[in-house]
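Heads up, work_25.txt below (compact mmCIF, C-alpha atoms):
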# COMPACT_ATOMS: atom_id res chain seq x y z
CA PRO A 249 0.00 0.00 0.00
CA ASN A 250 0.87 3.65 -0.36
CA ILE A 251 1.11 5.50 2.96
CA LEU A 252 -0.08 9.03 3.62
CA PHE A 253 0.61 10.11 7.21
CA ILE A 254 -0.91 13.51 7.99
CA LEU A 255 0.25 15.24 11.17
CA ALA A 256 -1.45 18.31 12.59
CA ASP A 257 0.45 20.61 14.94
CA ASP A 258 -0.87 21.26 18.49
CA LEU A 259 -4.37 20.06 17.59
CA GLY A 260 -6.29 19.12 20.73
CA TRP A 261 -8.11 15.82 21.30
CA ALA A 262 -11.62 17.26 20.87
CA ASP A 263 -10.85 19.88 18.22
CA LEU A 264 -12.68 17.90 15.52
CA SER A 265 -16.45 17.77 15.37
CA SER A 266 -16.28 13.95 15.27
CA TYR A 267 -14.42 14.12 18.62
CA GLY A 268 -16.91 16.44 20.26
CA ALA A 269 -16.08 20.04 19.36
CA PRO A 270 -19.41 21.90 19.48
CA HIS A 271 -18.17 24.94 17.56
CA ILE A 272 -15.66 23.56 15.02
CA ARG A 273 -16.83 21.95 11.76
CA THR A 274 -14.45 19.43 10.21
CA PRO A 275 -16.46 17.55 7.55
CA HIS A 276 -13.49 16.14 5.65
CA LEU A 277 -11.78 14.59 8.67
CA ASP A 278 -15.15 13.42 9.97
CA ARG A 279 -15.73 11.67 6.64
CA LEU A 280 -12.25 10.14 6.82
CA ALA A 281 -13.12 8.77 10.26
CA ALA A 282 -16.43 7.37 9.01
CA GLN A 283 -14.60 5.58 6.21
CA GLY A 284 -12.11 3.94 8.56
CA VAL A 285 -11.27 3.68 12.25
CA ARG A 286 -11.56 6.53 14.75
CA PHE A 287 -9.40 5.93 17.83
CA THR A 288 -10.73 7.46 21.04
CA ASP A 289 -7.57 6.61 22.98
CA GLY A 290 -4.90 7.62 20.50
CA TYR A 291 -1.78 9.22 21.97
CA SER A 292 1.27 11.14 20.82
CA GLY A 293 4.72 9.83 21.66
CA SER A 294 5.45 12.88 23.79
CA ALA A 295 3.93 16.15 24.95
CA THR A 296 5.76 18.48 22.54
CA CYS A 297 6.59 18.65 18.86
CA SER A 298 10.04 17.25 18.20
CA PRO A 299 10.11 14.32 20.69
CA THR A 300 6.87 13.00 19.19
CA ARG A 301 8.37 13.24 15.72
CA PHE A 302 11.41 11.29 16.93
CA SER A 303 9.10 8.58 18.28
CA LEU A 304 7.15 8.40 15.01
CA TYR A 305 10.16 8.44 12.71
CA THR A 306 12.19 5.92 14.75
CA GLY A 307 9.45 3.84 16.40
CA ARG A 308 11.34 4.28 19.67
CA PHE A 309 11.03 6.34 22.83
CA PRO A 310 12.50 9.82 22.32
CA GLY A 311 14.90 9.25 25.21
CA ARG A 312 16.74 6.56 23.26
CA THR A 313 18.38 9.22 21.09
CA ARG A 314 20.33 12.30 22.11
CA GLY A 315 18.24 14.61 19.95
CA GLY A 316 15.04 13.22 21.44
CA LEU A 317 16.00 14.61 24.86
CA ALA A 318 15.31 18.15 23.64
CA GLU A 319 11.73 19.11 24.44
CA PRO A 320 11.55 20.55 21.86
CA ILE A 321 14.63 21.06 19.66
CA GLY A 322 15.67 24.69 19.75
CA ASN A 323 19.16 25.06 18.26
CA ARG A 324 21.39 23.76 15.48
CA THR A 325 23.37 21.37 17.67
CA GLN A 326 20.38 19.03 18.21
CA GLY A 327 18.81 16.63 15.76
CA LEU A 328 18.03 13.13 14.53
CA ASP A 329 21.27 11.27 13.80
CA PRO A 330 21.30 10.52 10.04
CA ASP A 331 22.70 7.07 10.83
CA HIS A 332 19.60 6.10 12.82
CA PRO A 333 17.10 4.02 10.80
CA THR A 334 13.74 5.68 10.25
CA LEU A 335 10.32 4.79 8.96
CA ALA A 336 11.38 6.34 5.65
CA SER A 337 14.77 4.67 5.34
CA LEU A 338 13.38 1.23 6.20
CA LEU A 339 10.46 1.54 3.78
CA LYS A 340 12.84 2.87 1.13
CA ARG A 341 14.88 -0.29 1.54
CA ALA A 342 11.67 -2.24 0.91
CA GLY A 343 11.04 -0.44 -2.40
CA TYR A 344 9.16 2.71 -1.42
CA ASP A 345 9.60 6.23 -2.72
CA THR A 346 9.57 8.62 0.22
CA ALA A 347 8.78 12.30 0.73
CA LEU A 348 8.25 14.68 3.64
CA ILE A 349 6.25 17.86 3.08
CA GLY A 350 5.89 20.39 5.89
CA LYS A 351 7.36 20.67 9.36
CA TRP A 352 10.45 18.55 10.07
CA HIS A 353 11.60 19.84 13.51
CA CYS A 354 14.25 17.16 13.93
CA GLY A 355 17.30 19.34 13.40
CA TRP A 356 18.67 22.01 11.07
CA LEU A 357 21.16 22.03 8.25
CA PRO A 358 23.96 21.33 7.71
CA ASP A 359 23.93 18.24 9.91
CA TYR A 360 20.26 17.23 9.93
CA SER A 361 17.61 16.99 7.26
CA PRO A 362 14.87 14.61 6.04
CA THR A 363 17.00 13.89 2.97
CA LYS A 364 19.79 12.69 5.29
CA SER A 365 17.35 10.39 7.15
CA GLY A 366 15.67 8.39 4.41
CA TRP A 367 13.29 10.75 2.63
CA ASP A 368 13.96 11.12 -1.10
CA GLU A 369 12.26 14.50 -1.22
CA PHE A 370 11.71 17.31 1.26
CA PHE A 371 9.73 20.51 0.97
CA GLY A 372 9.02 22.42 4.15
CA ASN A 373 10.43 24.06 7.27
CA PHE A 374 13.16 22.77 9.55
CA GLY A 375 12.11 24.49 12.78
CA GLY A 376 9.24 24.24 15.22
CA ALA A 377 7.31 27.37 14.27
CA LEU A 378 7.25 30.06 11.61
CA GLU A 379 5.27 33.11 10.62
CA TYR A 380 2.86 31.83 7.99
CA PHE A 381 3.62 34.43 5.28
CA SER A 382 7.22 35.62 5.64
CA LYS A 383 8.40 32.09 6.63
CA LEU A 384 10.63 33.58 9.34
CA GLY A 385 11.16 30.83 11.88
CA GLN A 386 12.28 30.17 15.41
CA LEU A 387 15.94 30.93 14.73
CA GLY A 388 14.94 34.28 13.21
CA ASP A 389 15.81 33.40 9.63
CA TYR A 390 13.91 32.30 6.53
CA ASP A 391 12.70 28.71 6.90
CA LEU A 392 11.13 27.30 3.74
CA TYR A 393 13.25 24.81 1.83
CA GLU A 394 13.08 22.49 -1.13
CA GLY A 395 15.65 19.83 -0.38
CA ASP A 396 18.56 21.73 1.14
CA ALA A 397 17.97 25.00 -0.71
CA THR A 398 15.71 27.87 0.28
CA TYR A 399 12.49 28.21 -1.70
CA LYS A 400 10.79 31.59 -1.96
CA ASP A 401 7.02 31.66 -1.63
CA LEU A 402 5.38 34.27 0.58
CA ARG A 403 1.84 32.97 0.34
CA TYR A 404 0.01 31.42 3.30
CA TYR A 405 1.95 28.34 4.37
CA THR A 406 -0.94 25.90 4.74
CA THR A 407 -2.01 26.66 1.17
CA ILE A 408 1.51 26.01 -0.13
CA LEU A 409 1.80 22.67 1.66
CA THR A 410 -1.62 21.59 0.43
CA GLU A 411 -0.68 22.30 -3.18
CA ARG A 412 2.63 20.49 -2.86
CA ALA A 413 1.04 17.40 -1.31
CA ALA A 414 -1.69 17.23 -3.95
CA ASP A 415 0.90 17.58 -6.70
CA TYR A 416 3.08 14.85 -5.19
CA ILE A 417 0.18 12.41 -4.99
CA SER A 418 -0.98 13.19 -8.52
CA GLY A 419 2.55 12.71 -9.83
CA ARG A 420 2.82 9.22 -8.32
CA ARG A 421 -0.12 7.92 -10.38
CA HIS A 422 1.88 6.02 -13.00
CA GLN A 423 5.20 5.52 -11.24
CA GLY A 424 4.59 1.87 -10.36
CA ARG A 425 6.23 2.03 -6.92
CA PRO A 426 4.52 2.47 -3.56
CA TRP A 427 5.14 5.71 -1.75
CA LEU A 428 5.32 7.15 1.75
CA LEU A 429 4.31 10.77 2.18
CA ASN A 430 4.67 12.41 5.60
CA LEU A 431 2.49 15.53 5.36
CA ASN A 432 3.22 17.67 8.41
CA PHE A 433 1.12 20.81 8.66
CA THR A 434 2.05 23.60 11.08
CA THR A 435 -1.64 24.37 11.56
CA PRO A 436 -3.03 25.20 14.12
CA HIS A 437 0.27 26.04 15.87
CA TRP A 438 0.88 29.66 16.84
CA PRO A 439 1.09 32.38 15.60
CA TRP A 440 -2.67 32.52 15.20
CA LEU A 441 -3.07 33.54 11.56
CA THR A 442 -5.37 32.63 8.71
CA GLU A 443 -5.03 33.43 5.03
CA GLU A 444 -6.78 36.77 5.61
CA ASP A 445 -4.24 37.92 8.22
CA GLU A 446 -1.30 38.87 6.02
CA GLU A 447 -1.13 42.36 7.56
CA GLN A 448 -0.90 40.94 11.08
CA GLY A 449 1.66 38.46 9.83
CA ALA A 450 3.79 41.35 8.60
CA GLU A 451 3.69 42.90 12.07
CA ILE A 452 4.88 39.63 13.60
CA ALA A 453 7.61 39.35 10.97
CA ALA A 454 8.81 42.87 11.83
CA LYS A 455 9.11 41.91 15.50
CA ILE A 456 11.10 38.82 14.51
CA ARG A 457 13.48 40.95 12.45
CA SER A 458 13.91 43.32 15.39
CA GLY A 459 15.18 40.43 17.51
CA ASP A 460 12.06 39.46 19.50
CA VAL A 461 11.84 36.10 17.73
CA LEU A 462 10.20 33.84 20.31
CA GLY A 463 8.02 36.59 21.73
CA ALA A 464 6.67 37.38 18.29
CA LEU A 465 6.00 33.76 17.33
CA LEU A 466 4.36 32.88 20.66
CA HIS A 467 1.79 35.56 19.81
CA HIS A 468 0.55 36.13 23.35
CA ASP A 469 -1.02 39.38 22.20
CA GLY A 470 -3.19 37.72 19.56
CA GLY A 471 -5.48 34.86 18.75
CA SER A 472 -8.94 33.91 19.95
CA VAL A 473 -11.26 30.92 20.04
CA GLU A 474 -12.82 32.21 16.83
CA LYS A 475 -9.45 32.59 15.07
CA TYR A 476 -8.36 29.14 16.23
CA THR A 477 -11.63 27.71 14.91
CA GLU A 478 -10.93 29.28 11.52
CA MET A 479 -7.44 27.72 11.48
CA VAL A 480 -8.71 24.24 12.29
CA GLN A 481 -11.49 24.50 9.72
CA ASP A 482 -8.96 25.64 7.12
CA LEU A 483 -6.77 22.68 8.00
CA ASP A 484 -9.76 20.39 7.48
CA ALA A 485 -10.52 21.96 4.09
CA SER A 486 -6.86 21.62 3.10
CA ILE A 487 -6.81 17.95 4.01
CA GLY A 488 -10.02 17.59 2.02
CA ARG A 489 -8.20 18.93 -1.06
CA VAL A 490 -5.33 16.47 -0.55
CA LEU A 491 -7.74 13.57 -0.17
CA ALA A 492 -9.61 14.68 -3.29
CA ALA A 493 -6.32 14.59 -5.22
CA LEU A 494 -5.75 11.07 -3.92
CA ARG A 495 -9.22 10.01 -5.07
CA ARG A 496 -8.78 11.56 -8.53
CA SER A 497 -5.44 9.83 -8.93
CA GLY A 498 -7.07 6.40 -8.64
CA GLN A 499 -4.83 5.45 -5.70
CA GLU A 500 -7.33 5.89 -2.86
CA GLU A 501 -8.31 2.24 -2.50
CA ASN A 502 -4.83 0.99 -1.67
CA THR A 503 -3.51 3.98 0.25
CA ILE A 504 -3.30 3.88 4.04
CA VAL A 505 -4.16 7.31 5.42
CA VAL A 506 -3.31 8.04 9.04
CA PHE A 507 -4.21 11.34 10.65
CA ALA A 508 -3.01 12.44 14.10
CA SER A 509 -1.65 15.40 16.07
CA ASP A 510 1.89 15.69 17.38
CA ASN A 511 0.69 16.52 20.92
CA GLY A 512 -2.26 17.93 22.79
CA GLY A 513 -3.82 21.33 22.31
CA GLU A 514 -2.78 24.77 23.49
CA ARG A 515 -4.41 28.03 24.53
CA PHE A 516 -7.55 28.04 22.39
CA SER A 517 -7.97 24.30 21.95
CA TYR A 518 -11.11 22.41 22.95
CA GLN A 519 -10.07 19.48 25.16
CA TRP A 520 -13.15 18.50 27.13
CA PRO A 521 -13.27 16.37 29.20
CA LEU A 522 -9.48 16.09 29.47
CA SER A 523 -7.22 17.98 31.88
CA GLY A 524 -3.87 19.47 30.96
CA ALA A 525 -2.49 20.66 27.64
CA LYS A 526 0.63 20.59 25.49
CA SER A 527 3.87 20.03 27.48
CA SER A 528 2.06 18.07 30.22
CA LEU A 529 1.62 14.30 30.51
CA LEU A 530 -1.93 14.72 31.72
CA GLU A 531 -4.34 13.41 29.10
CA GLY A 532 -4.82 16.81 27.49
CA GLY A 533 -1.12 16.97 26.68
CA ILE A 534 -0.81 13.59 24.95
CA ARG A 535 -4.22 12.22 23.95
CA VAL A 536 -4.84 13.27 20.35
CA PRO A 537 -7.36 12.67 17.56
CA THR A 538 -6.22 9.63 15.58
CA ILE A 539 -7.83 8.23 12.43
CA LEU A 540 -6.89 5.41 10.02
CA ARG A 541 -8.42 4.62 6.64
CA TRP A 542 -7.45 1.86 4.19
CA PRO A 543 -10.40 1.03 1.95
CA ALA A 544 -8.80 -2.07 0.44
CA ARG A 545 -8.34 -3.86 3.76
CA VAL A 546 -10.01 -2.10 6.71
CA ASP A 547 -13.76 -1.73 7.13
CA GLY A 548 -15.18 1.70 7.77
CA ARG A 549 -17.43 3.02 10.53
CA GLN A 550 -15.27 1.60 13.31
CA VAL A 551 -14.58 3.26 16.65
CA SER A 552 -11.70 1.78 18.64
CA HIS A 553 -11.10 2.35 22.34
CA GLN A 554 -7.73 0.58 22.28
CA PRO A 555 -4.82 2.72 23.55
CA VAL A 556 -2.33 3.31 20.71
CA TYR A 557 0.46 5.84 20.24
CA SER A 558 3.03 7.22 17.83
CA PRO A 559 5.67 4.45 17.95
CA ASP A 560 2.94 1.85 17.34
CA TRP A 561 2.28 3.44 13.95
CA THR A 562 5.93 3.04 12.97
CA ALA A 563 5.82 -0.68 13.73
CA THR A 564 2.44 -1.03 12.03
CA LEU A 565 3.38 0.74 8.81
CA LEU A 566 6.67 -1.12 8.53
CA GLU A 567 4.83 -4.44 8.76
CA LEU A 568 2.11 -3.40 6.31
CA GLY A 569 4.77 -2.10 3.92
CA GLY A 570 6.79 -5.32 4.03
CA ALA A 571 9.76 -3.67 5.75
CA ARG A 572 11.73 -5.02 8.68
CA PRO A 573 13.04 -3.04 11.65
CA ASP A 574 16.79 -2.83 12.10
CA PRO A 575 17.67 -5.37 14.85
CA ALA A 576 20.34 -3.00 16.17
CA TYR A 577 17.60 -0.43 16.91
CA PRO A 578 14.70 -2.43 18.39
CA LEU A 579 11.31 -0.75 18.24
CA ASP A 580 9.38 0.31 21.33
CA GLY A 581 6.11 0.43 19.40
CA HIS A 582 3.99 -2.63 18.66
CA SER A 583 2.38 -3.39 15.32
CA LEU A 584 -1.39 -3.05 15.13
CA ALA A 585 -1.57 -4.97 11.84
CA GLY A 586 -3.07 -8.10 13.41
CA TYR A 587 -5.66 -6.01 15.23
CA LEU A 588 -6.62 -3.99 12.16
CA LEU A 589 -6.63 -6.78 9.58
CA ARG A 590 -7.38 -10.01 11.44
CA GLY A 591 -9.30 -9.00 14.55
CA GLU A 592 -6.47 -10.04 16.89
CA ARG A 593 -6.02 -8.46 20.30
CA VAL A 594 -3.77 -5.44 20.57
CA PRO A 595 -0.51 -6.65 22.12
CA ALA A 596 -0.57 -6.30 25.90
CA ARG A 597 1.98 -3.66 26.85
CA ASP A 598 2.48 -0.50 28.84
CA LEU A 599 2.39 2.91 27.19
CA PHE A 600 5.32 4.93 28.52
CA TRP A 601 6.05 8.67 28.53
CA ARG A 602 8.85 10.73 30.04
CA VAL A 603 9.38 14.48 29.92
CA ARG A 604 11.24 16.83 32.22
CA GLY A 605 9.05 17.36 35.27
CA ASN A 606 6.45 14.69 34.39
CA ARG A 607 6.24 10.94 34.04
CA ALA A 608 3.39 8.70 32.96
CA LEU A 609 2.59 5.08 32.22
CA ARG A 610 -0.70 3.58 31.08
CA ARG A 611 -1.56 -0.10 31.56
CA GLY A 612 -5.05 -1.03 30.50
CA ASP A 613 -7.37 1.60 31.94
CA HIS A 614 -5.00 2.68 34.70
CA LYS A 615 -2.48 5.48 34.48
CA TYR A 616 0.42 6.34 36.74
CA TYR A 617 1.31 10.03 36.64
CA ARG A 618 3.93 12.09 38.47
CA ASP A 619 3.42 15.85 38.40
CA ALA A 620 5.96 18.66 38.37
CA GLN A 621 5.95 18.78 42.17
CA GLY A 622 7.07 15.14 42.37
CA ARG A 623 3.69 13.82 43.59
CA ASP A 624 2.55 10.43 42.34
CA HIS A 625 -1.03 9.90 41.18
CA LEU A 626 -3.11 6.96 39.96
CA TYR A 627 -6.16 7.30 37.72
CA ASP A 628 -8.74 4.97 36.21
CA LEU A 629 -9.14 6.53 32.77
CA ALA A 630 -12.22 4.49 31.88
CA ALA A 631 -14.11 5.93 34.85
CA ASP A 632 -12.29 9.26 35.09
CA PRO A 633 -10.73 10.53 31.84
CA ARG A 634 -10.49 13.99 33.42
CA GLU A 635 -7.98 12.65 35.99
CA GLN A 636 -9.64 14.16 39.04
CA ALA A 637 -10.28 11.04 41.17
CA ASP A 638 -6.82 10.13 42.49
CA LEU A 639 -6.61 6.46 43.53
CA ALA A 640 -3.04 6.69 44.86
CA THR A 641 -4.03 6.16 48.50
CA THR A 642 -6.78 3.59 47.88
CA ARG A 643 -4.78 1.35 45.51
CA PRO A 644 -1.17 1.69 46.71
CA ALA A 645 -0.07 -1.72 45.43
CA LEU A 646 -1.14 -0.96 41.87
CA LEU A 647 0.50 2.46 42.08
CA ALA A 648 3.75 0.87 43.23
CA ASP A 649 3.61 -1.70 40.43
CA LEU A 650 3.10 0.89 37.70
CA LYS A 651 5.74 3.16 39.19
CA SER A 652 8.24 0.30 39.20
CA ALA A 653 7.40 -0.50 35.58
CA TRP A 654 8.02 3.13 34.61
CA GLU A 655 11.36 3.16 36.42
CA ARG A 656 12.48 -0.09 34.74
CA THR A 657 11.95 1.45 31.33
CA ASP A 658 13.49 4.76 32.38
CA ARG A 659 16.72 3.01 33.33
CA THR A 660 17.12 1.90 29.70
CA LEU A 661 16.96 5.48 28.36
CA LEU A 662 19.56 8.21 28.07
CA PRO A 663 19.62 10.55 31.07
CA TYR A 664 18.69 14.20 30.80
CA SER A 665 21.53 16.68 31.18
CA ALA A 666 21.68 18.61 34.44
CA ALA A 667 20.71 21.85 32.69

Entire entry expressed as structure tokens:
Amino acid sequence: PNILFILADDLGWADLSSYGAPHIRTPHLDRLAAQGVRFTDGYSGSATCSPTRFSLYTGRFPGRTRGGLAEPIGNRTQGLDPDHPTLASLLKRAGYDTALIGKWHCGWLPDYSPTKSGWDEFFGNFGGALEYFSKLGQLGDYDLYEGDATYKDLRYYTTILTERAADYISGRRHQGRPWLLNLNFTTPHWPWLTEEDEEQGAEIAAKIRSGDVLGALLHHDGGSVEKYTEMVQDLDASIGRVLAALRRSGQEENTIVVFASDNGGERFSYQWPLSGAKSSLLEGGIRVPTILRWPARVDGRQVSHQPVYSPDWTATLLELGGARPDPAYPLDGHSLAGYLLRGERVPARDLFWRVRGNRALRRGDHKYYRDAQGRDHLYDLAADPREQADLATTRPALLADLKSAWERTDRTLLPYSAA
């Protein structure tokens, strides 16, 4: 099968109408969900942008690689080692053509790039955020590239990425080889701008040029629930155009489409009933909308309550694509192919997360969570997805068991630096 993996940026768990948003209309993603499987308990591999991308690209916990310790990557010294096998490099070895369009956020040139890590083609931005028109990014410089060369286009970024993705899919029609396309939108990540906000974008760009790079991009003096709603609805319409190109190309039937977010929502996101947000390991920081469609093999109109997360998709897509993991870099994710295609049980395992100041582990319906103050908590997510009923004192043995399991895994990871 072809593989189209669409990643939204900072989209909250309930920001789609099919996930409960009362004020956001997302007909294209809702239709995608109706045609495949909508996961209610889908998770990102971490609580911020770049560690999740490490977990998806490598199929391993971010803490297994030096670059994955950055939360998120913020300078040119950090990145994904080009020698590390990736979803793209392993599928390429199995006969796939590979491309990444959009946000990379796994390191900057000259040392790091998608084209150094298994993708044949790259068009997008290297950093974690950029102003949508000028393309000035988090290091203060221009950040839109084709391959390793800058590409000038000052139109709205989401529109550019949509056109590029549609063109790529259309161009694969008669190539005869399967393809992997990672389509990584920056929407709805700050700054809060739509296609009609070019003037406001110019003001933000001026602040970036004056030296206030992060302050300008964080956009604390802008945005609203209404503006955020417009951004999400534009993202949905853009994905609709990409999916229409896939349908017109005649490749829809045998293309696996996965849609997810890289972490939980931010300031204007709709997260109910979850607590927490991006950067936290509470459910609102890591539970994300997750959808899979594969018309040739997977029935539509399914809703799955099985917990799955980013590294599972790496293992799954490698198996479905006939590629084998590198035994020197064992995967932490587990393939869902048997579950999706043959009705087998999802492999029994713990879902593990680690970020500075937080820790979490989910086993079945129970979740162990340590907050930034070092307090341990235990929640039954089936009964209490909002994580308000703390069972730490009533079920101490289970808490101790899950805590020990977290610590066993943690001992296998690279330590954080003291800074």

Coordinates-based distance that separates CA of Glu394 (chain A) from CA of Ala413 (chain A) (Å, one decimal):
13.1 Å

Calculate how many Å separate CA of Val556 (chain A) from CA of Tyr291 (chain A), rounding to one decimal.
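Going from CA of Val556 (chain A) over to CA of Tyr291 (chain A), I get 6.1 Å.
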
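Proximity of A:Phe370, A:Tyr393, A:Tyr557, A:Tyr627 to Ala295 (chain A), computed with all atoms listed in the file, is greatest for A:Tyr557.
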
List the spatial neighbours of Ala256 (chain A) as a ChimeraX atom specification - criterion: any atom at most 7 Å away, all atoms listed in the file, same-chain residues fewer than 3 positions off excluded.
/A:259,432-435,508-510

Show me, as number ranges by chain, the residues that have an atom within 9 Å of Arg273 (chain A) when counting all atoms listed in the file, minus same-chain residues fewer than 4 positions from it.
A: 264-266, 269, 278, 477, 480-481, 484

I'd like to know which of A:Trp427, A:Phe287, A:Trp356, A:Tyr380 is closest to Asp396 (chain A), using all atoms listed in the file.
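Looking only at the distances to Asp396 (chain A), the closest residue turns out to be A:Trp356.
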
Just want the 12 Å neighbourhood of region 275-277 of chain A, counted on all atoms listed in the file, with same-chain residues fewer than 4 positions away dropped. Output as a ChimeraX atom specification.
/A:254,256,263-267,281-286,480-492,505-508,537-541

With only C-alpha atoms counted and 7 Å as the cut-off, give the residues of region 570-657 of chain A in contact with region 330-345 of chain A, each with its shortest interatomic distance in Å and the pair that gives it, as a Markdown table.
| residue | atom | partner | partner_atom | distance |
| --- | --- | --- | --- | --- |
| A:Gly570 | CA | A:Ala342 | CA | 6.6 |
| A:Ala571 | CA | A:Ala342 | CA | 5.4 |
| A:Arg572 | CA | A:Leu338 | CA | 6.9 |
| A:Pro573 | CA | A:Leu338 | CA | 6.9 |
| A:Asp574 | CA | A:Pro333 | CA | 7.0 |

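We find CA of Gly307 (chain A) and CA of Leu579 (chain A) to be spaced 5.3 Å apart.
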
From the set A:Gly385, A:Gly513, A:Pro663, A:Gly524, which residue has the shortest atom-to-atom contact distance to Arg602 (chain A), counting all atoms listed in the file?
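Closest to Arg602 (chain A) of all the choices is A:Pro663.
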
Determine the nearest neighbour of Gln386 (chain A) from the options A:His353, A:Arg590, A:Lys400, A:Arg412, counting only C-alpha atoms.
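Among A:His353, A:Arg590, A:Lys400, A:Arg412, it is A:His353 that comes nearest to Gln386 (chain A).
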
Restricting to all atoms listed in the file, whichever of A:Leu429, A:Leu384, A:Ala464, A:Leu328 is closest to Ala347 (chain A) is A:Leu429

Check the smallest atom-to-atom distance from each of A:Leu626, A:Leu566, A:Leu409, A:Leu441 to Pro644 (chain A) using only C-alpha atoms, then report the winner.
A:Leu626

Find the spatial neighbours of Ile321 (chain A), counting all atoms listed in the file, within a cut-off of 10 Å - ignore same-chain residues fewer than 5 positions away - and output them as a PyMOL selection string.
chain A and resi 296-299+315-316+326-327+353-356+375-376

Quick one: residues within 7 Å of Gly512 (chain A), only C-alpha atoms, excluding same-chain residues fewer than 4 positions away - as an NGL selection string?
:A and (258-261 or 295 or 525-526 or 532-536)

Could you work out an axis-aligned bounding box for all listed atoms of region 419-436 of chain A, with 4 Å added on each of the six sides, and give its centre and edge lengths in Å to one decimal, as AutoDock Vina command-line options?
--center_x 1.6 --center_y 13.5 --center_z 0.6 --size_x 17.3 --size_y 31.3 --size_z 35.1

Would you kindly identify which residues have an atom no farther than 12 Å from (-1.5, 4.3, 31.3), using all atoms listed in the file and the file's own coordinates, and write them out as a short mmCIF file (atom, residue, chain, number, x, y, z; two decimals) with C-alpha atoms, in the frame of the given file?
data_model
loop_
_atom_site.label_atom_id
_atom_site.label_comp_id
_atom_site.auth_asym_id
_atom_site.auth_seq_id
_atom_site.Cartn_x
_atom_site.Cartn_y
_atom_site.Cartn_z
CA ASP A 289 -7.57 6.61 22.98
CA GLY A 290 -4.90 7.62 20.50
CA TYR A 291 -1.78 9.22 21.97
CA LEU A 529 1.62 14.30 30.51
CA LEU A 530 -1.93 14.72 31.72
CA GLU A 531 -4.34 13.41 29.10
CA ILE A 534 -0.81 13.59 24.95
CA ARG A 535 -4.22 12.22 23.95
CA GLN A 554 -7.73 0.58 22.28
CA PRO A 555 -4.82 2.72 23.55
CA VAL A 556 -2.33 3.31 20.71
CA TYR A 557 0.46 5.84 20.24
CA ALA A 596 -0.57 -6.30 25.90
CA ARG A 597 1.98 -3.66 26.85
CA ASP A 598 2.48 -0.50 28.84
CA LEU A 599 2.39 2.91 27.19
CA PHE A 600 5.32 4.93 28.52
CA TRP A 601 6.05 8.67 28.53
CA ARG A 607 6.24 10.94 34.04
CA ALA A 608 3.39 8.70 32.96
CA LEU A 609 2.59 5.08 32.22
CA ARG A 610 -0.70 3.58 31.08
CA ARG A 611 -1.56 -0.10 31.56
CA GLY A 612 -5.05 -1.03 30.50
CA ASP A 613 -7.37 1.60 31.94
CA HIS A 614 -5.00 2.68 34.70
CA LYS A 615 -2.48 5.48 34.48
CA TYR A 616 0.42 6.34 36.74
CA TYR A 617 1.31 10.03 36.64
CA ARG A 618 3.93 12.09 38.47
CA HIS A 625 -1.03 9.90 41.18
CA LEU A 626 -3.11 6.96 39.96
CA TYR A 627 -6.16 7.30 37.72
CA ASP A 628 -8.74 4.97 36.21
CA LEU A 629 -9.14 6.53 32.77
CA ALA A 630 -12.22 4.49 31.88
CA PRO A 633 -10.73 10.53 31.84
CA GLU A 635 -7.98 12.65 35.99
CA LEU A 646 -1.14 -0.96 41.87
CA LEU A 647 0.50 2.46 42.08
CA LEU A 650 3.10 0.89 37.70
CA LYS A 651 5.74 3.16 39.19
CA ALA A 653 7.40 -0.50 35.58
CA TRP A 654 8.02 3.13 34.61
#

Name the residues, using the chain letters and numbers of the file, that sit within 10 Å of (7.1, 32.9, -3.1) when counting all atoms listed in the file, and give them as an MDAnalysis selection string.
chainID A and resid 381:383 392 399:404 408

Kindly reconstruct region 595-602 of chain A with N, CA and C atoms and present the result as a compact mmCIF listing (two decimals), in the coordinates of the input.
# COMPACT_ATOMS: atom_id res chain seq x y z
N PRO A 595 -1.50 -6.08 21.20
CA PRO A 595 -0.51 -6.65 22.12
C PRO A 595 -0.57 -5.99 23.50
N ALA A 596 -0.56 -6.82 24.53
CA ALA A 596 -0.57 -6.30 25.90
C ALA A 596 0.78 -5.65 26.17
N ARG A 597 0.75 -4.37 26.53
CA ARG A 597 1.98 -3.66 26.85
C ARG A 597 1.63 -2.38 27.57
N ASP A 598 2.64 -1.79 28.20
CA ASP A 598 2.48 -0.50 28.84
C ASP A 598 2.79 0.61 27.84
N LEU A 599 2.06 1.69 27.93
CA LEU A 599 2.39 2.91 27.19
C LEU A 599 3.18 3.81 28.12
N PHE A 600 4.35 4.24 27.67
CA PHE A 600 5.32 4.93 28.52
C PHE A 600 5.60 6.32 27.97
N TRP A 601 5.65 7.31 28.90
CA TRP A 601 6.05 8.67 28.53
C TRP A 601 7.00 9.21 29.59
N ARG A 602 7.94 10.04 29.12
CA ARG A 602 8.85 10.73 30.04
C ARG A 602 9.15 12.10 29.47
